[in-house]
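Enquirer: File name structure-v2.cif; file contents mmCIF, C-alpha atoms; full text below.
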```cif
data_query
loop_
_atom_site.group_PDB
_atom_site.id
_atom_site.type_symbol
_atom_site.label_atom_id
_atom_site.label_comp_id
_atom_site.auth_asym_id
_atom_site.auth_seq_id
_atom_site.Cartn_x
_atom_site.Cartn_y
_atom_site.Cartn_z
ATOM 1 C CA MET A 13 -170.343 -110.510 184.381
ATOM 2 C CA LYS A 14 -168.245 -110.881 187.532
ATOM 3 C CA HIS A 15 -166.087 -114.004 187.621
ATOM 4 C CA THR A 16 -165.202 -115.490 191.000
ATOM 5 C CA SER A 17 -161.740 -116.604 189.910
ATOM 6 C CA LEU A 18 -160.754 -113.109 188.782
ATOM 7 C CA GLN A 19 -161.932 -111.628 192.065
ATOM 8 C CA ILE A 20 -159.987 -114.271 193.998
ATOM 9 C CA ILE A 21 -156.818 -113.542 191.998
ATOM 10 C CA ARG A 22 -157.178 -109.799 192.581
ATOM 11 C CA ASP A 23 -157.903 -110.298 196.279
ATOM 12 C CA GLU A 24 -154.903 -112.595 196.644
ATOM 13 C CA HIS A 25 -152.725 -110.068 194.816
ATOM 14 C CA ALA A 26 -153.964 -107.355 197.184
ATOM 15 C CA SER A 27 -153.103 -109.479 200.236
ATOM 16 C CA LEU A 28 -149.713 -110.339 198.830
ATOM 17 C CA GLY A 29 -149.074 -106.731 197.808
ATOM 18 C CA ALA A 30 -149.725 -105.632 201.404
ATOM 19 C CA MET A 31 -147.363 -108.353 202.633
ATOM 20 C CA LEU A 32 -144.636 -107.231 200.226
ATOM 21 C CA LYS A 33 -145.075 -103.610 201.318
ATOM 22 C CA SER A 34 -144.737 -104.601 204.959
ATOM 23 C CA MET A 35 -141.663 -106.710 204.164
ATOM 24 C CA ARG A 36 -140.054 -103.761 202.386
ATOM 25 C CA MET A 37 -140.644 -101.570 205.438
ATOM 26 C CA LEU A 38 -139.141 -104.207 207.715
ATOM 27 C CA ILE A 39 -136.075 -104.699 205.528
ATOM 28 C CA LYS A 40 -135.417 -100.968 205.198
ATOM 29 C CA CYS A 41 -135.799 -100.338 208.946
ATOM 30 C CA GLY A 42 -133.808 -103.408 210.011
ATOM 31 C CA PRO A 43 -133.930 -105.195 213.350
ATOM 32 C CA ALA A 44 -133.261 -102.094 215.493
ATOM 33 C CA ASP A 45 -133.397 -103.198 219.132
ATOM 34 C CA SER A 46 -135.789 -106.124 218.514
ATOM 35 C CA PRO A 47 -133.838 -108.612 216.392
ATOM 36 C CA GLN A 48 -135.802 -111.640 217.560
ATOM 37 C CA ARG A 49 -139.090 -110.067 216.539
ATOM 38 C CA PHE A 50 -137.609 -108.825 213.256
ATOM 39 C CA PHE A 51 -136.222 -112.204 212.186
ATOM 40 C CA ASP A 52 -139.263 -114.107 213.421
ATOM 41 C CA CYS A 53 -141.613 -111.859 211.446
ATOM 42 C CA LEU A 54 -139.617 -112.025 208.203
ATOM 43 C CA ARG A 55 -139.247 -115.802 208.535
ATOM 44 C CA ALA A 56 -143.018 -116.165 208.908
ATOM 45 C CA MET A 57 -143.660 -113.893 205.905
ATOM 46 C CA LEU A 58 -141.246 -115.771 203.659
ATOM 47 C CA PHE A 59 -142.722 -119.086 204.760
ATOM 48 C CA TYR A 60 -146.212 -117.798 203.918
ATOM 49 C CA ILE A 61 -145.070 -116.691 200.431
ATOM 50 C CA ASP A 62 -143.455 -120.077 199.825
ATOM 51 C CA GLU A 63 -146.431 -121.977 201.231
ATOM 52 C CA PHE A 64 -149.338 -120.189 199.602
ATOM 53 C CA PRO A 65 -148.587 -117.919 196.609
ATOM 54 C CA GLU A 66 -145.697 -120.008 195.287
ATOM 55 C CA ARG A 67 -147.263 -123.450 195.688
ATOM 56 C CA LEU A 68 -150.985 -122.815 195.215
ATOM 57 C CA HIS A 69 -151.754 -119.427 193.652
ATOM 58 C CA HIS A 70 -149.080 -119.630 190.957
ATOM 59 C CA THR A 71 -149.847 -123.251 190.161
ATOM 60 C CA LYS A 72 -153.486 -122.417 189.406
ATOM 61 C CA GLU A 73 -152.456 -119.519 187.189
ATOM 62 C CA SER A 74 -149.849 -121.504 185.231
ATOM 63 C CA THR A 75 -151.842 -124.700 184.809
ATOM 64 C CA LEU A 76 -155.387 -123.365 184.456
ATOM 65 C CA LEU A 77 -155.623 -119.676 183.578
ATOM 66 C CA PHE A 78 -152.610 -119.036 181.354
ATOM 67 C CA PRO A 79 -153.167 -121.965 178.929
ATOM 68 C CA ARG A 80 -156.756 -120.861 178.313
ATOM 69 C CA VAL A 81 -155.724 -117.245 177.747
ATOM 70 C CA LEU A 82 -152.919 -118.326 175.415
ATOM 71 C CA GLU A 83 -155.295 -120.471 173.367
ATOM 72 C CA ALA A 84 -157.717 -117.570 172.968
ATOM 73 C CA ALA A 85 -155.052 -114.860 172.572
ATOM 74 C CA PRO A 86 -151.869 -116.362 171.039
ATOM 75 C CA GLY A 87 -150.359 -112.895 170.735
ATOM 76 C CA LEU A 88 -149.703 -113.035 174.485
ATOM 77 C CA GLN A 89 -147.301 -115.963 174.156
ATOM 78 C CA ALA A 90 -144.209 -113.947 175.142
ATOM 79 C CA ALA A 91 -145.903 -112.388 178.177
ATOM 80 C CA ILE A 92 -147.256 -115.716 179.380
ATOM 81 C CA ALA A 93 -143.868 -117.378 178.872
ATOM 82 C CA GLN A 94 -142.357 -114.608 181.016
ATOM 83 C CA LEU A 95 -144.960 -115.092 183.745
ATOM 84 C CA ASP A 96 -144.471 -118.871 183.761
ATOM 85 C CA SER A 97 -140.713 -118.329 184.005
ATOM 86 C CA ASP A 98 -141.315 -115.923 186.894
ATOM 87 C CA HIS A 99 -143.325 -118.604 188.686
ATOM 88 C CA GLU A 100 -140.482 -121.092 188.287
ATOM 89 C CA GLN A 101 -137.858 -118.582 189.441
ATOM 90 C CA GLY A 102 -140.004 -117.299 192.311
ATOM 91 C CA GLU A 103 -140.076 -120.563 194.229
ATOM 92 C CA LYS A 104 -136.296 -120.848 194.077
ATOM 93 C CA ALA A 105 -135.841 -117.162 194.952
ATOM 94 C CA VAL A 106 -138.003 -117.266 198.074
ATOM 95 C CA ARG A 107 -136.125 -120.298 199.371
ATOM 96 C CA GLU A 108 -132.824 -118.553 198.727
ATOM 97 C CA LEU A 109 -134.126 -115.587 200.730
ATOM 98 C CA GLN A 110 -135.063 -117.888 203.597
ATOM 99 C CA HIS A 111 -131.479 -119.182 203.607
ATOM 100 C CA LEU A 112 -129.976 -115.680 203.413
ATOM 101 C CA LEU A 113 -132.159 -114.511 206.294
ATOM 102 C CA LEU A 114 -131.087 -117.465 208.423
ATOM 103 C CA ALA A 115 -127.443 -116.738 207.594
ATOM 104 C CA TRP A 116 -127.870 -113.124 208.720
ATOM 105 C CA GLU A 117 -129.609 -114.198 211.924
ATOM 106 C CA LEU A 118 -127.102 -116.896 212.850
ATOM 107 C CA LEU A 119 -123.843 -115.480 211.471
ATOM 108 C CA GLY A 120 -124.367 -111.791 212.099
ATOM 109 C CA ASP A 121 -124.229 -108.522 210.237
ATOM 110 C CA SER A 122 -121.552 -109.659 207.783
ATOM 111 C CA ARG A 123 -124.461 -111.467 206.062
ATOM 112 C CA MET A 124 -126.935 -108.576 206.279
ATOM 113 C CA GLN A 125 -126.245 -106.888 202.928
ATOM 114 C CA ALA A 126 -126.643 -110.104 200.934
ATOM 115 C CA PHE A 127 -130.152 -110.536 202.340
ATOM 116 C CA VAL A 128 -131.127 -106.873 201.983
ATOM 117 C CA THR A 129 -129.981 -106.718 198.343
ATOM 118 C CA ALA A 130 -131.672 -110.003 197.389
ATOM 119 C CA GLY A 131 -134.794 -109.157 199.394
ATOM 120 C CA LEU A 132 -135.398 -105.776 197.775
ATOM 121 C CA ARG A 133 -134.696 -107.225 194.320
ATOM 122 C CA TYR A 134 -137.222 -110.015 195.003
ATOM 123 C CA LEU A 135 -139.886 -107.524 196.109
ATOM 124 C CA ASP A 136 -139.410 -105.471 192.929
ATOM 125 C CA PHE A 137 -139.559 -108.648 190.826
ATOM 126 C CA TYR A 138 -142.772 -109.810 192.489
ATOM 127 C CA GLN A 139 -144.531 -106.464 192.174
ATOM 128 C CA ALA A 140 -143.630 -106.229 188.473
ATOM 129 C CA HIS A 141 -144.929 -109.779 187.993
ATOM 130 C CA MET A 142 -148.313 -108.999 189.546
ATOM 131 C CA HIS A 143 -148.549 -105.739 187.575
ATOM 132 C CA LEU A 144 -148.100 -107.622 184.286
ATOM 133 C CA GLU A 145 -150.783 -110.134 185.224
ATOM 134 C CA GLU A 146 -153.245 -107.450 186.286
ATOM 135 C CA THR A 147 -152.723 -105.057 183.383
ATOM 136 C CA LEU A 148 -152.378 -107.553 180.524
ATOM 137 C CA ILE A 149 -153.485 -111.104 181.324
ATOM 138 C CA LEU A 150 -156.569 -110.536 183.466
ATOM 139 C CA PRO A 151 -158.167 -107.925 181.161
ATOM 140 C CA GLU A 152 -157.530 -110.191 178.165
ATOM 141 C CA ALA A 153 -159.039 -113.139 180.038
ATOM 142 C CA GLU A 154 -162.171 -111.088 180.731
ATOM 143 C CA LYS A 155 -162.502 -110.323 177.023
ATOM 144 C CA CYS A 156 -161.796 -113.675 175.451
ATOM 145 C CA LEU A 157 -162.628 -116.611 177.739
ATOM 146 C CA SER A 158 -165.902 -118.496 177.426
ATOM 147 C CA GLU A 159 -168.475 -119.121 180.130
ATOM 148 C CA ALA A 160 -167.393 -122.777 180.161
ATOM 149 C CA ASP A 161 -163.820 -121.629 180.830
ATOM 150 C CA TRP A 162 -164.983 -119.392 183.658
ATOM 151 C CA LYS A 163 -167.058 -122.128 185.228
ATOM 152 C CA GLN A 164 -164.014 -124.404 185.453
ATOM 153 C CA LEU A 165 -161.685 -121.616 186.591
ATOM 154 C CA ASP A 166 -164.108 -120.388 189.258
ATOM 155 C CA ALA A 167 -164.472 -123.894 190.687
ATOM 156 C CA ALA A 168 -160.705 -124.436 190.729
ATOM 157 C CA PHE A 169 -159.833 -121.101 192.314
ATOM 158 C CA ARG A 170 -162.415 -121.650 195.068
ATOM 159 C CA GLN A 171 -160.554 -124.779 196.163
ATOM 160 C CA ASN A 172 -157.805 -122.999 198.128
ATOM 161 C CA MET A 173 -158.236 -119.301 198.674
ATOM 162 C CA ASP A 174 -155.770 -117.183 200.607
ATOM 163 C CA PRO A 175 -157.169 -116.764 204.133
ATOM 164 C CA LEU A 176 -154.685 -114.016 205.055
ATOM 165 C CA GLY A 177 -156.707 -111.284 203.402
ATOM 166 C CA GLY A 178 -159.662 -111.858 205.738
ATOM 167 C CA LYS A 179 -162.284 -112.112 202.970
ATOM 168 C CA TYR A 180 -162.386 -115.892 202.769
ATOM 169 C CA PRO A 181 -162.958 -118.661 205.310
ATOM 170 C CA PRO A 182 -159.923 -119.246 207.554
ATOM 171 C CA ASN A 183 -157.864 -122.392 207.205
ATOM 172 C CA PRO A 184 -157.184 -123.760 210.719
ATOM 173 C CA ALA A 185 -153.866 -125.228 209.534
ATOM 174 C CA TYR A 186 -152.533 -121.700 209.031
ATOM 175 C CA ASP A 187 -154.029 -119.999 212.080
ATOM 176 C CA ARG A 188 -150.790 -119.967 214.065
ATOM 177 C CA LEU A 189 -148.756 -118.640 211.136
ATOM 178 C CA PHE A 190 -151.207 -115.865 210.328
ATOM 179 C CA THR A 191 -151.548 -114.882 213.992
ATOM 180 C CA ARG A 192 -147.776 -114.569 214.212
ATOM 181 C CA ILE A 193 -147.598 -112.420 211.083
ATOM 182 C CA VAL A 194 -150.490 -110.174 212.102
ATOM 183 C CA LEU A 195 -149.159 -109.590 215.612
ATOM 184 C CA ARG A 196 -145.583 -108.964 214.528
ATOM 185 C CA ALA A 197 -145.869 -107.388 211.081
ATOM 186 C CA ARG A 198 -146.243 -103.692 210.595
ATOM 187 C CA VAL A 199 -149.268 -102.015 209.077
ATOM 188 C CA PRO A 200 -150.716 -102.633 206.435
ATOM 189 C CA VAL A 201 -150.421 -106.392 207.026
ATOM 190 C CA GLY A 202 -150.399 -106.531 210.777
ATOM 191 C CA LEU A 203 -150.857 -104.688 214.010
ATOM 192 C CA GLY A 204 -147.203 -103.944 214.629
ATOM 193 C CA GLU A 205 -146.125 -100.391 215.258
ATOM 194 C CA THR A 206 -145.042 -98.301 212.281
ATOM 195 C CA ASP A 207 -141.946 -96.704 213.796
ATOM 196 C CA SER A 208 -140.623 -99.444 216.009
ATOM 197 C CA LEU A 209 -140.539 -103.191 216.322
ATOM 198 C CA THR A 210 -140.637 -103.033 220.111
#
```
For the file at hand, write its structure as structure tokens.
Expert:
Amino acid sequence: MKHTSLQIIRDEHASLGAMLKSMRMLIKCGPADSPQRFFDCLRAMLFYIDEFPERLHHTKESTLLFPRVLEAAPGLQAAIAQLDSDHEQGEKAVRELQHLLLAWELLGDSRMQAFVTAGLRYLDFYQAHMHLEETLILPEAEKCLSEADWKQLDAAFRQNMDPLGGKYPPNPAYDRLFTRIVLRARVPVGLGETDSLT
């Protein structure tokens, strides 16, 4: 049986994975001759990550999904503890990145390497986090959770779905942010050119 909450999690991971890929491309290419566009785009992406995945997506996983999986599969205690720790660290890390990006933008290239190093480390951390959820937690949830569990999870995950992926109804509050990201970000997230930020 297909569970709405699992599909929402996978869809949100796919949207976020595309965002992370685009961020990695931006960071590796640098501002080139369009620094304003470069910094504006990365700022919008980091704000999105802080606003949606960190505050809403992770909260639903840690407070709703993980406790049910742990109750049904106590052998996953270490993995779930790691994922919960990742959620706690992730919010702090994305805000640190926002600060490092601002420092680079305002204080110049002497601050570039600090952002690049922290940014690439954060992207690796986030991708490993999603991989663990998708290869261990979600398959176990499919095997061991009850229909009553799924009914509650499906209802909760429908409450605030990520509109960036285009599969769910848009949230007018985020229209301006998503328009900015789509117009300025490179493929696969946006419509920006692949070889240039101009």
Enquirer: Given the choices A:Arg188, A:Lys104, A:Lys33, A:His25, which gets closest to A:Leu135 if the distance is worked out from all atoms listed in the file?
Expert: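 Between A:Arg188, A:Lys104, A:Lys33, A:His25, the residue approaching A:Leu135 most closely is A:Lys33.
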Enquirer: Hey, which of A:Leu54, A:Leu77, A:Leu119, A:Ala130 ends up closest to A:Ile92? Count only C-alpha atoms.
Expert: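 When distances to A:Ile92 are compared using only C-alpha atoms, the smallest one comes from A:Leu77.
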Enquirer: Which protein, DNA or RNA residues have an atom at most 12 Å from (-152.2, -108.3, 180.1), counting all atoms listed in the file? List them as JSON, numbers by chain.
Expert: {"A": [78, 81, 82, 85, 87, 88, 89, 90, 91, 92, 94, 95, 141, 142, 143, 144, 145, 146, 147, 148, 149, 150, 151, 152, 153, 154, 155, 156]}
Enquirer: Which of these, A:Gln139, A:Leu195, A:Ile39, A:Phe190, has the shortest distance to A:Met124 once you count all atoms listed in the file?
Expert: A:Ile39
Enquirer: With distances taken over all atoms listed in the file, which residue among A:Leu109, A:Ala115, A:Ala168, A:Met35 lies nearest A:Thr75?
Expert: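 Of the candidates, the smallest distance to A:Thr75 is held by A:Ala168.
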Enquirer: Would you mind telling me which residue in A:Ser46, A:Cys53, A:Met37, A:Leu132 lies nearest to A:Val194 when using only C-alpha atoms?
Expert: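 Checking each of A:Ser46, A:Cys53, A:Met37, A:Leu132 against A:Val194, counting only C-alpha atoms, the winner is A:Cys53.
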Enquirer: Counting all atoms listed in the file, which of A:Asp136, A:Phe127, A:Ile193, A:Glu100 gets nearest to A:Leu112?
Expert: A:Phe127
Enquirer: Please measure the separation of atom CA of A:Lys72 and atom CA of A:Asp52, giving the value in Å to one decimal.
Expert: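 Going from atom CA of A:Lys72 over to atom CA of A:Asp52 covers 29.1 Å.
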Enquirer: Find the smallest box with edges along x, y and z containing every listed atom of stretch 134-153 of chain A, then add 3 Å on each side and report centre and edge lengths in Å to one decimal, as lines of an AutoDock Vina configuration file.
Expert:
```
center_x = -148.1
center_y = -109.1
center_z = 187.1
size_x = 27.8
size_y = 14.1
size_z = 23.9
```
Enquirer: How far is it from atom CA of A:Leu76 to atom CA of A:Ala30, in Å with one decimal?
Expert: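 Separation of atom CA of A:Leu76 and atom CA of A:Ala30: 25.2 Å.
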Enquirer: Near A:Asp62, counting all atoms listed in the file, which residues have an atom at most 8 Å away, once you skip same-chain residues fewer than 6 positions from it, shown as a PyMOL selection string?
Expert: chain A and resi 103+106-107
Enquirer: Please provide as a list in words all residues within 12 Å of A:Ser158, with the sequence filter that same-chain residues fewer than 6 positions apart are discarded (counting all atoms listed in the file).
Expert: Met13, His15, Arg80, Val81, Glu83, Ala84, Glu152, Gln164 and Leu165 of chain A
Enquirer: Just give me the gap between atom CA of A:Asp96 and atom CA of A:Pro65 in Å, one decimal is fine.
Expert: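 Pair atom CA of A:Asp96 / atom CA of A:Pro65 returns 13.5 Å.
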